[in-house]
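So this one's work.cif, mmCIF, C-alpha atoms:
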```
data_structure
#
loop_
_atom_site.label_atom_id
_atom_site.label_comp_id
_atom_site.auth_asym_id
_atom_site.auth_seq_id
_atom_site.Cartn_x
_atom_site.Cartn_y
_atom_site.Cartn_z
CA MET A 5 -23.91 -19.79 21.37
CA VAL A 6 -23.91 -23.51 20.63
CA SER A 7 -26.46 -23.05 17.85
CA LEU A 8 -24.30 -20.30 16.26
CA LEU A 9 -21.25 -22.56 16.45
CA ASN A 10 -23.17 -25.40 14.83
CA PHE A 11 -24.36 -23.08 12.05
CA LEU A 12 -20.87 -21.73 11.32
CA ALA A 13 -19.44 -25.27 11.28
CA ARG A 14 -21.84 -26.48 8.56
CA PRO A 15 -19.90 -27.86 5.54
CA ILE A 16 -22.43 -26.27 3.16
CA LEU A 17 -20.98 -22.83 3.96
CA PHE A 18 -17.57 -23.93 2.72
CA PHE A 19 -19.22 -25.69 -0.23
CA TYR A 20 -20.72 -22.43 -1.51
CA ALA A 21 -17.90 -20.08 -0.39
CA LEU A 22 -15.07 -21.86 -2.19
CA PRO A 23 -16.55 -21.72 -5.75
CA TRP A 24 -17.40 -18.03 -5.26
CA LEU A 25 -13.84 -17.36 -4.11
CA MET A 26 -12.52 -19.12 -7.22
CA LEU A 27 -14.81 -16.97 -9.39
CA LEU A 28 -13.48 -13.82 -7.70
CA LEU A 29 -9.92 -14.97 -8.39
CA VAL A 30 -10.72 -15.41 -12.09
CA LEU A 31 -12.54 -12.06 -12.34
CA GLY A 32 -9.83 -10.24 -10.42
CA THR A 33 -7.10 -11.73 -12.59
CA LEU A 34 -8.91 -10.70 -15.78
CA ALA A 35 -9.58 -7.21 -14.38
CA GLN A 36 -5.85 -6.64 -13.90
CA ARG A 37 -5.45 -6.18 -17.65
CA THR A 38 -7.68 -3.10 -17.70
CA ASP A 39 -7.79 -1.85 -14.10
CA GLY A 40 -4.25 -2.67 -13.02
CA LEU A 41 -3.04 -4.88 -10.18
CA TYR A 42 -3.71 -2.49 -7.29
CA VAL A 43 -7.25 -1.48 -8.32
CA ALA A 44 -8.25 -5.08 -9.10
CA GLU A 45 -6.87 -6.26 -5.78
CA GLN A 46 -8.78 -3.61 -3.84
CA LYS A 47 -12.01 -4.22 -5.77
CA PHE A 48 -12.19 -8.02 -5.77
CA PHE A 49 -10.00 -9.29 -2.94
CA ALA A 50 -9.62 -6.59 -0.25
CA SER A 51 -13.26 -5.46 -0.18
CA ALA A 52 -16.08 -6.95 1.86
CA ILE A 53 -18.66 -5.91 -0.75
CA LEU A 54 -18.27 -6.18 -4.51
CA TRP A 55 -20.59 -3.73 -6.24
CA VAL A 56 -21.86 -4.82 -9.65
CA GLY A 57 -23.80 -1.73 -10.61
CA PRO A 58 -26.39 -1.26 -7.83
CA LEU A 59 -26.11 -4.94 -6.80
CA PRO A 60 -23.97 -5.71 -3.70
CA LEU A 61 -22.20 -9.06 -3.77
CA PRO A 62 -19.77 -10.59 -1.25
CA GLY A 63 -16.18 -9.58 -1.92
CA GLY A 64 -13.01 -11.51 -1.26
CA LEU A 65 -12.61 -10.20 2.31
CA ALA A 66 -16.13 -11.35 3.25
CA ILE A 67 -15.64 -14.81 1.70
CA LEU A 68 -12.25 -15.36 3.33
CA THR A 69 -13.70 -14.27 6.69
CA LEU A 70 -16.56 -16.76 6.26
CA ILE A 71 -14.14 -19.59 5.41
CA THR A 72 -12.01 -18.70 8.44
CA LEU A 73 -15.03 -18.77 10.77
CA ASN A 74 -16.21 -22.03 9.19
CA LEU A 75 -12.89 -23.80 9.76
CA LEU A 76 -12.53 -22.37 13.27
CA ALA A 77 -16.07 -23.43 14.24
CA LYS A 78 -15.48 -26.93 12.84
CA LEU A 79 -12.26 -27.20 14.79
CA LEU A 80 -13.94 -26.10 18.03
CA GLN A 81 -16.90 -28.35 17.42
CA GLN A 82 -15.03 -31.61 16.94
CA ARG A 83 -12.64 -31.10 19.88
CA VAL A 84 -10.58 -34.12 18.88
CA TRP A 85 -6.90 -33.97 19.81
CA THR A 86 -6.05 -37.67 19.96
CA GLY A 87 -6.14 -40.68 17.66
CA ARG A 88 -6.68 -40.49 13.93
CA LYS A 89 -8.44 -37.11 14.07
CA LEU A 90 -5.38 -35.36 15.53
CA GLY A 91 -3.72 -35.06 12.12
CA THR A 92 -6.89 -33.61 10.57
CA SER A 93 -7.17 -31.07 13.39
CA ILE A 94 -3.56 -29.94 12.95
CA THR A 95 -4.13 -29.63 9.18
CA HIS A 96 -7.15 -27.39 9.86
CA ILE A 97 -4.99 -25.27 12.16
CA SER A 98 -2.38 -24.86 9.40
CA VAL A 99 -5.03 -23.52 7.01
CA LEU A 100 -6.26 -21.13 9.71
CA LEU A 101 -2.70 -19.90 10.19
CA LEU A 102 -2.43 -19.19 6.46
CA LEU A 103 -5.68 -17.21 6.55
CA LEU A 104 -4.57 -15.35 9.68
CA GLY A 105 -1.25 -14.48 8.04
CA GLY A 106 -3.10 -13.15 5.01
CA GLY A 107 -5.23 -10.96 7.26
CA VAL A 108 -2.21 -9.60 9.09
CA THR A 109 -0.49 -8.86 5.77
CA MET A 110 -3.57 -7.11 4.39
CA ALA A 111 -3.91 -4.94 7.49
CA LEU A 112 -0.28 -4.13 8.29
CA ARG A 113 1.82 -4.54 5.13
CA GLU A 114 3.79 -1.43 4.19
CA GLU A 115 5.38 -0.98 0.78
CA GLY A 116 7.22 1.98 -0.63
CA PHE A 117 10.49 3.10 -2.19
CA ILE A 118 13.59 5.21 -1.72
CA GLU A 119 15.31 6.94 -4.62
CA LEU A 120 19.01 7.51 -3.97
CA ALA A 121 21.59 9.32 -6.06
CA PRO A 122 25.26 8.31 -5.58
CA LYS A 123 26.59 9.46 -2.17
CA ALA A 124 23.07 10.47 -1.09
CA SER A 125 21.46 9.15 2.10
CA GLY A 126 17.82 8.44 2.89
CA ALA A 127 15.73 7.26 5.81
CA ILE A 128 12.25 8.13 4.51
CA VAL A 129 10.13 5.60 2.62
CA THR A 130 7.76 7.03 0.03
CA ASP A 131 4.53 5.05 -0.39
CA TYR A 132 3.55 3.81 -3.84
CA HIS A 133 -0.19 4.31 -3.35
CA ALA A 134 -1.16 6.47 -0.35
CA ARG A 135 -1.22 10.27 -0.63
CA GLU A 136 -1.43 12.91 2.09
CA LEU A 137 -2.22 16.61 2.40
CA VAL A 138 0.41 18.37 4.50
CA VAL A 139 0.56 21.87 5.98
CA GLU A 140 4.04 23.04 6.97
CA GLN A 141 4.92 26.03 9.14
CA ASP A 142 8.43 27.31 8.44
CA GLY A 143 9.40 23.84 7.21
CA ASN A 144 7.83 21.93 10.12
CA THR A 145 4.73 19.77 9.62
CA ILE A 146 1.79 21.02 11.70
CA LEU A 147 -1.04 19.13 9.96
CA LEU A 148 -1.09 15.84 8.04
CA MET A 149 -4.29 14.44 6.54
CA PRO A 150 -4.45 11.13 4.64
CA PHE A 151 -5.92 11.79 1.20
CA GLN A 152 -8.44 8.95 1.50
CA ILE A 153 -10.26 10.58 4.42
CA LEU A 154 -10.52 14.04 2.86
CA GLN A 155 -14.00 15.09 1.75
CA ALA A 156 -15.23 17.91 -0.45
CA GLY A 157 -16.66 20.71 1.70
CA GLU A 158 -14.54 19.73 4.71
CA GLN A 159 -13.10 22.54 6.84
CA LEU A 160 -9.72 21.55 8.26
CA LYS A 161 -9.17 22.41 11.91
CA ASP A 162 -6.16 23.27 14.09
CA LEU A 163 -4.86 25.90 11.68
CA PRO A 164 -4.42 29.64 12.35
CA PHE A 165 -6.39 30.36 9.17
CA GLY A 166 -9.29 28.71 7.38
CA LEU A 167 -8.75 25.90 4.87
CA ARG A 168 -11.79 24.45 3.13
CA VAL A 169 -11.52 21.53 0.69
CA GLU A 170 -13.58 22.40 -2.39
CA SER A 171 -12.91 19.32 -4.54
CA LEU A 172 -10.44 16.48 -4.91
CA CYS A 173 -9.64 13.66 -7.31
CA ARG A 174 -7.53 10.50 -7.05
CA HIS A 175 -6.42 11.07 -10.62
CA CYS A 176 -6.78 14.55 -12.09
CA THR A 177 -6.44 16.09 -15.51
CA PRO A 178 -5.29 19.73 -15.45
CA LEU A 179 -7.31 21.92 -17.80
CA PRO A 180 -6.70 25.57 -18.75
CA LEU A 181 -8.87 28.02 -16.83
CA PRO A 182 -11.50 29.47 -19.21
CA GLN A 183 -10.91 33.00 -17.94
CA PRO A 184 -8.75 34.63 -15.26
CA ALA A 185 -10.25 35.03 -11.79
CA ALA A 186 -9.04 37.51 -9.18
CA ASP A 187 -9.71 35.14 -6.30
CA ARG A 188 -7.44 32.36 -7.65
CA HIS A 189 -3.75 32.19 -6.77
CA GLY A 190 -0.62 30.29 -7.78
CA ALA A 191 -1.17 27.49 -10.26
CA ALA A 192 -4.94 27.91 -9.79
CA GLN A 193 -4.69 31.14 -11.81
CA LYS A 194 -3.93 29.11 -14.93
CA LEU A 195 -5.52 25.70 -14.44
CA GLN A 196 -8.35 23.75 -12.88
CA LEU A 197 -8.40 20.08 -11.90
CA GLN A 198 -10.92 17.71 -13.43
CA PRO A 199 -11.42 14.09 -12.24
CA ALA A 200 -10.18 11.53 -14.77
CA THR A 201 -10.41 7.75 -15.13
CA LEU A 202 -7.95 5.95 -12.87
CA LEU A 203 -4.87 4.59 -14.62
CA PRO A 204 -4.16 0.82 -14.52
CA GLN A 205 -0.90 1.43 -12.64
CA ASP A 206 -2.04 3.12 -9.43
CA GLU A 207 1.33 4.72 -8.76
CA ASP A 208 0.91 6.69 -12.00
CA ASN A 209 -2.30 8.39 -10.83
CA LEU A 210 -1.91 12.13 -10.19
CA ALA A 211 -3.95 13.21 -7.18
CA GLY A 212 -5.06 16.78 -6.67
CA VAL A 213 -6.98 19.01 -4.24
CA THR A 214 -8.67 22.35 -4.84
CA PHE A 215 -9.09 24.35 -1.63
CA THR A 216 -9.99 27.82 -0.39
CA LEU A 217 -8.00 29.78 2.20
CA SER A 218 -9.60 32.42 4.42
CA GLY A 219 -8.58 34.50 7.42
CA LEU A 220 -5.46 35.80 5.66
CA ASP A 221 -5.02 39.26 4.14
CA ALA A 222 -7.13 40.14 1.11
CA ALA A 223 -4.28 39.49 -1.32
CA GLN A 224 -3.93 35.86 -0.15
CA ASN A 225 -7.52 34.78 0.51
CA GLY A 226 -8.97 32.69 -2.31
CA THR A 227 -8.66 29.42 -4.22
CA TYR A 228 -5.53 27.31 -4.60
CA VAL A 229 -4.66 23.89 -6.02
CA ALA A 230 -2.25 21.28 -4.68
CA PHE A 231 -1.42 18.84 -7.47
CA THR A 232 1.07 15.96 -7.19
CA PRO A 233 3.24 16.99 -10.21
CA LEU A 234 3.50 20.65 -9.11
CA LYS A 235 6.99 21.71 -8.12
CA ASP A 236 5.81 24.95 -6.49
CA MET A 237 3.06 24.11 -4.02
CA PRO A 238 0.89 26.90 -2.53
CA GLU A 239 2.67 29.09 0.01
CA VAL A 240 1.22 31.88 2.16
CA LYS A 241 2.36 34.09 5.02
CA TYR A 242 0.56 34.68 8.33
CA SER A 243 1.89 36.46 11.43
CA ASP A 244 5.47 36.50 10.10
CA LYS A 245 5.37 32.75 9.50
CA THR A 246 5.43 30.92 6.16
CA TYR A 247 2.90 28.18 5.55
CA ARG A 248 3.18 25.69 2.70
CA ILE A 249 0.32 23.41 1.65
CA LEU A 250 1.37 20.41 -0.39
CA LEU A 251 -0.05 17.14 -1.65
CA ARG A 252 2.49 14.33 -1.77
CA ARG A 253 2.91 10.60 -1.56
CA ALA A 254 2.69 9.39 2.02
CA GLU A 255 6.04 9.13 3.80
CA ARG A 256 7.22 6.89 6.63
CA PRO A 257 10.52 6.99 8.54
CA LEU A 258 12.92 4.06 8.58
CA PRO A 259 14.61 3.09 11.88
CA PHE A 260 17.92 3.15 9.97
CA SER A 261 19.36 4.99 6.96
CA LEU A 262 20.79 3.95 3.60
CA THR A 263 23.61 5.68 1.73
CA LEU A 264 24.24 4.79 -1.92
CA GLN A 265 27.93 4.43 -2.62
CA THR A 266 27.79 3.27 -6.24
CA PHE A 267 25.19 1.99 -8.70
CA HIS A 268 26.18 -0.62 -11.28
CA LYS A 269 24.24 -1.45 -14.44
CA THR A 270 25.06 -4.21 -16.91
CA GLU A 271 23.51 -3.95 -20.37
CA HIS A 272 22.76 -6.57 -22.97
CA PRO A 273 25.56 -6.50 -25.59
CA GLY A 274 24.93 -3.97 -28.32
CA THR A 275 21.87 -2.44 -26.61
CA ARG A 276 20.94 0.08 -23.91
CA ILE A 277 18.62 -2.47 -22.29
CA ALA A 278 19.56 -3.27 -18.69
CA LYS A 279 20.51 -6.89 -18.08
CA ALA A 280 21.24 -6.57 -14.38
CA TYR A 281 21.85 -3.83 -11.85
CA ARG A 282 22.86 -3.54 -8.24
CA SER A 283 23.47 -0.95 -5.53
CA ASP A 284 26.36 -0.81 -3.10
CA VAL A 285 24.96 0.87 0.01
CA ILE A 286 26.02 1.69 3.54
CA VAL A 287 23.48 0.78 6.23
CA THR A 288 23.65 3.06 9.27
CA ASP A 289 21.82 2.14 12.46
CA GLY A 290 22.75 4.33 15.36
CA ALA A 291 26.52 4.27 15.80
CA ALA A 292 26.92 1.14 13.67
CA SER A 293 27.34 1.10 9.90
CA TRP A 294 28.34 -1.56 7.37
CA PRO A 295 28.40 -2.07 3.58
CA VAL A 296 25.81 -4.20 1.77
CA THR A 297 25.23 -5.00 -1.89
CA ILE A 298 21.58 -5.12 -2.99
CA SER A 299 20.99 -6.71 -6.39
CA MET A 300 17.98 -7.80 -8.41
CA ASN A 301 17.84 -11.29 -6.88
CA GLU A 302 19.54 -10.61 -3.55
CA PRO A 303 17.48 -8.30 -1.29
CA LEU A 304 18.57 -6.99 2.07
CA ARG A 305 16.56 -8.18 5.08
CA TYR A 306 17.01 -6.17 8.25
CA ARG A 307 14.84 -5.34 11.26
CA GLY A 308 11.67 -6.70 9.67
CA TYR A 309 12.22 -4.84 6.38
CA THR A 310 13.02 -6.38 3.01
CA ILE A 311 14.82 -4.07 0.60
CA TYR A 312 14.80 -4.94 -3.10
CA GLN A 313 16.66 -3.49 -6.07
CA SER A 314 13.59 -2.62 -8.14
CA SER A 315 14.65 -0.09 -10.80
CA PHE A 316 16.71 2.96 -11.60
CA ILE A 317 16.17 6.45 -13.03
CA GLU A 318 18.54 7.87 -15.63
CA ARG A 319 18.88 11.64 -15.72
CA PRO A 320 21.33 13.74 -17.74
CA GLU A 321 23.44 14.52 -14.70
CA VAL A 322 23.19 11.29 -12.68
CA THR A 323 21.64 7.82 -12.50
CA SER A 324 19.67 7.17 -9.31
CA SER A 325 18.87 3.80 -7.78
CA VAL A 326 15.29 2.97 -6.76
CA LEU A 327 14.97 0.54 -3.84
CA THR A 328 11.61 -0.97 -2.92
CA ILE A 329 11.15 -1.37 0.84
CA VAL A 330 8.56 -3.81 2.19
CA ARG A 331 7.55 -4.46 5.77
CA ASP A 332 5.28 -7.51 6.06
CA GLN A 333 4.50 -8.56 9.63
CA GLY A 334 2.55 -11.57 8.36
CA GLN A 335 5.38 -13.15 6.38
CA VAL A 336 6.26 -15.63 9.14
CA PHE A 337 2.79 -17.23 9.12
CA PRO A 338 3.22 -19.24 5.86
CA TYR A 339 6.36 -20.93 7.25
CA ILE A 340 4.57 -21.90 10.46
CA ALA A 341 1.48 -23.00 8.53
CA VAL A 342 3.42 -25.21 6.10
CA THR A 343 5.30 -26.80 9.00
CA ALA A 344 2.00 -27.52 10.79
CA LEU A 345 0.51 -28.87 7.54
CA CYS A 346 3.38 -31.35 7.10
CA ILE A 347 3.12 -32.48 10.72
CA GLY A 348 -0.64 -32.87 10.45
CA MET A 349 -0.47 -34.90 7.24
CA LEU A 350 2.29 -37.13 8.61
CA ILE A 351 0.25 -37.84 11.74
CA HIS A 352 -2.83 -38.53 9.63
CA LEU A 353 -0.94 -40.88 7.26
CA PHE A 354 0.74 -42.64 10.18
CA GLY A 355 -2.68 -43.17 11.79
CA LEU A 356 -4.09 -44.65 8.56
CA TRP A 357 -1.05 -46.89 8.14
CA ARG A 358 -1.47 -48.24 11.66
#
```

Can the structure in the file be given as structure tokens, please?
Amino acid sequence: MVSLLNFLARPILFFYALPWLMLLLVLGTLAQRTDGLYVAEQKFFASAILWVGPLPLPGGLAILTLITLNLLAKLLQQRVWTGRKLGTSITHISVLLLLLGGGVTMALREEGFIELAPKASGAIVTDYHARELVVEQDGNTILLMPFQILQAGEQLKDLPFGLRVESLCRHCTPLPLPQPAADRHGAAQKLQLQPATLLPQDEDNLAGVTFTLSGLDAAQNGTYVAFTPLKDMPEVKYSDKTYRILLRRAERPLPFSLTLQTFHKTEHPGTRIAKAYRSDVIVTDGAASWPVTISMNEPLRYRGYTIYQSSFIERPEVTSSVLTIVRDQGQVFPYIAVTALCIGMLIHLFGLWR
């Protein structure tokens, strides 16, 4: 155990890890131009392994973990909590707190949006990136599968009929079916889904699943597609019950609801370009409710959520407000870390001055 601690505390680990981390930052920043922010972040910073062709290289997650272990081992090894070294030790702790906060944010951060028309209420956050396959029975969800764990050839369980995933794509291009097929139903009678190159903006990717249903009557058995843009998702009947299979953006409930009273938009003079916009909402939490104004530079912070005025959608009949909702359980760590850093540096400078 002591030998492992001594190895992890070696300065040479930090010496090699830091330049590699800087290189990843440069590569990831450049990749954002072509791959988009989300894809570049997942590829270079949130992955333990960075694949360059067939060559595996350490990704940002692996490097940050190594730096964290290196600083922690060095802190445990020196065991100095008095005198001039106290300030250095507290400074090391502040850096560890920053790294810990980043890990918590990476693991637990939730980000999504709510679109509200005037006088409409909402308490469901729609995720920007995650998708899910849902089976509803008479409007009630009986099966929910995250898209990222679905696999081609997988037979879904806990259903009264058979559902086999034939193929899936994170971003699909719909193509006309070469010729009609008797065993295809719904939208699958006219189109097939082909995998396409991911778009730079991940939220613009259109996910799709092609699946086969069995165990129903002969008129319903066959191939179906669930495609994000489809308005009419596959629907079948079994034992006097209606089942709907849909692919959608992942949804999460809020512990409170928001009701949009009015949406205000200010335009640059002589143009239709928005200069500023804000939403007057009613927050309802249990029996309590109160008005709040959310504008571009003034978010609402409540119960661990931060709600931003991010955009709006203009339709012929109404203009809807789009609010981004973020829950970041690691956001307190930078404040604690910076406070510890200041204390550590003051103690260190005071020790040198003495």

Report, as lines of an AutoDock Vina configuration file, the axis-aligned box around all atoms of region 288-301 of chain A present in the file, extended by 4 Å on each side; give centre and edge lengths in Å to one decimal place.
```
center_x = 23.1
center_y = -3.5
center_z = 3.7
size_x = 18.6
size_y = 23.6
size_z = 32.2
```

Compile the contact shell of Leu137 (chain A) as a ChimeraX atom specification: residues with an atom at most 6 Å away, counting only C-alpha atoms, same-chain residues fewer than 3 positions apart removed. /A:148-149,250-251

I need the residue set behind the PyMOL selection byres ((chain A and resi 225-231) around 8) for this file; please write it as a PDB file with C-alpha atoms, in the coordinates of the input.
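part_25.pdb, written as the output of this step:
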```pdb
ATOM      1  CA  ASP A 187      -9.710  35.140  -6.300  1.00  0.00           C
ATOM      2  CA  ARG A 188      -7.440  32.360  -7.650  1.00  0.00           C
ATOM      3  CA  HIS A 189      -3.750  32.190  -6.770  1.00  0.00           C
ATOM      4  CA  GLY A 190      -0.620  30.290  -7.780  1.00  0.00           C
ATOM      5  CA  ALA A 191      -1.170  27.490 -10.260  1.00  0.00           C
ATOM      6  CA  ALA A 192      -4.940  27.910  -9.790  1.00  0.00           C
ATOM      7  CA  GLN A 196      -8.350  23.750 -12.880  1.00  0.00           C
ATOM      8  CA  LEU A 197      -8.400  20.080 -11.900  1.00  0.00           C
ATOM      9  CA  LEU A 210      -1.910  12.130 -10.190  1.00  0.00           C
ATOM     10  CA  ALA A 211      -3.950  13.210  -7.180  1.00  0.00           C
ATOM     11  CA  GLY A 212      -5.060  16.780  -6.670  1.00  0.00           C
ATOM     12  CA  VAL A 213      -6.980  19.010  -4.240  1.00  0.00           C
ATOM     13  CA  THR A 214      -8.670  22.350  -4.840  1.00  0.00           C
ATOM     14  CA  PHE A 215      -9.090  24.350  -1.630  1.00  0.00           C
ATOM     15  CA  THR A 216      -9.990  27.820  -0.390  1.00  0.00           C
ATOM     16  CA  LEU A 217      -8.000  29.780   2.200  1.00  0.00           C
ATOM     17  CA  SER A 218      -9.600  32.420   4.420  1.00  0.00           C
ATOM     18  CA  GLY A 219      -8.580  34.500   7.420  1.00  0.00           C
ATOM     19  CA  LEU A 220      -5.460  35.800   5.660  1.00  0.00           C
ATOM     20  CA  ASP A 221      -5.020  39.260   4.140  1.00  0.00           C
ATOM     21  CA  ALA A 222      -7.130  40.140   1.110  1.00  0.00           C
ATOM     22  CA  ALA A 223      -4.280  39.490  -1.320  1.00  0.00           C
ATOM     23  CA  GLN A 224      -3.930  35.860  -0.150  1.00  0.00           C
ATOM     24  CA  THR A 232       1.070  15.960  -7.190  1.00  0.00           C
ATOM     25  CA  PRO A 233       3.240  16.990 -10.210  1.00  0.00           C
ATOM     26  CA  LEU A 234       3.500  20.650  -9.110  1.00  0.00           C
ATOM     27  CA  MET A 237       3.060  24.110  -4.020  1.00  0.00           C
ATOM     28  CA  PRO A 238       0.890  26.900  -2.530  1.00  0.00           C
ATOM     29  CA  ILE A 249       0.320  23.410   1.650  1.00  0.00           C
ATOM     30  CA  LEU A 250       1.370  20.410  -0.390  1.00  0.00           C
ATOM     31  CA  LEU A 251      -0.050  17.140  -1.650  1.00  0.00           C
TER      32      LEU A 251
END
```

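Within 10 Å of the file-frame point (25.0, 4.9, 5.9), and using all atoms listed in the file, the polymer residues found are Lys123, Ala124, Ser125, Gly126, Ala127, Phe260, Ser261, Leu262, Thr263, Leu264, Gln265, Val285, Ile286, Val287, Thr288, Asp289, Gly290, Ala292, Ser293, Trp294 and Pro295 of chain A.
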
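Applied to this file, the PyMOL selection byres ((chain A and resi 317) around 12) selects the residues Ile118, Glu119, Leu120, Ala121, Pro122, Phe267, Lys269, Ala278, Tyr281, Ser314, Ser315, Phe316, Glu318, Arg319, Pro320, Glu321, Val322, Thr323, Ser324, Ser325, Val326 and Leu327 of chain A.
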
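Applied to the file shown here, the PyMOL selection byres ((chain A and resi 134) around 8) selects the residues Asp131, Tyr132, His133, Arg135, Glu136, Pro150, Phe151, Gln152, Arg253 and Ala254 of chain A.
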
Show me the residues close to (4.9, 35.2, 6.1) - anything with an atom within 12 Å, counting all atoms listed in the file - and format the list as a PyMOL selection string. chain A and resi 141-142+220-221+224+239-248

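Taking CA of Leu28 (chain A) and CA of Gly63 (chain A) as endpoints, the distance between them is 7.7 Å.
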
Rounded to one decimal, what separation in Å do you get between CA of Met349 (chain A) and CA of Leu104 (chain A)? 20.1 Å

Go through A:Leu202, A:Leu172, A:Ala50, A:Leu17 and flag the residue nearest Gly106 (chain A), using only C-alpha atoms for the distances. A:Ala50

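In terms of minimum interatomic distance to Ile347 (chain A), A:Thr92 ranks closest within A:Thr72, A:Thr92, A:Ser51, A:Gln46, counting all atoms listed in the file.
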
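Nearest to Arg113 (chain A) of all the residues A:Val330, A:Ala21, A:Leu9, A:Leu181 is A:Val330, counting only C-alpha atoms.
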
When you draw a straight line from CA of Leu195 (chain A) to CA of Leu179 (chain A), how long is it in Å? 5.4 Å
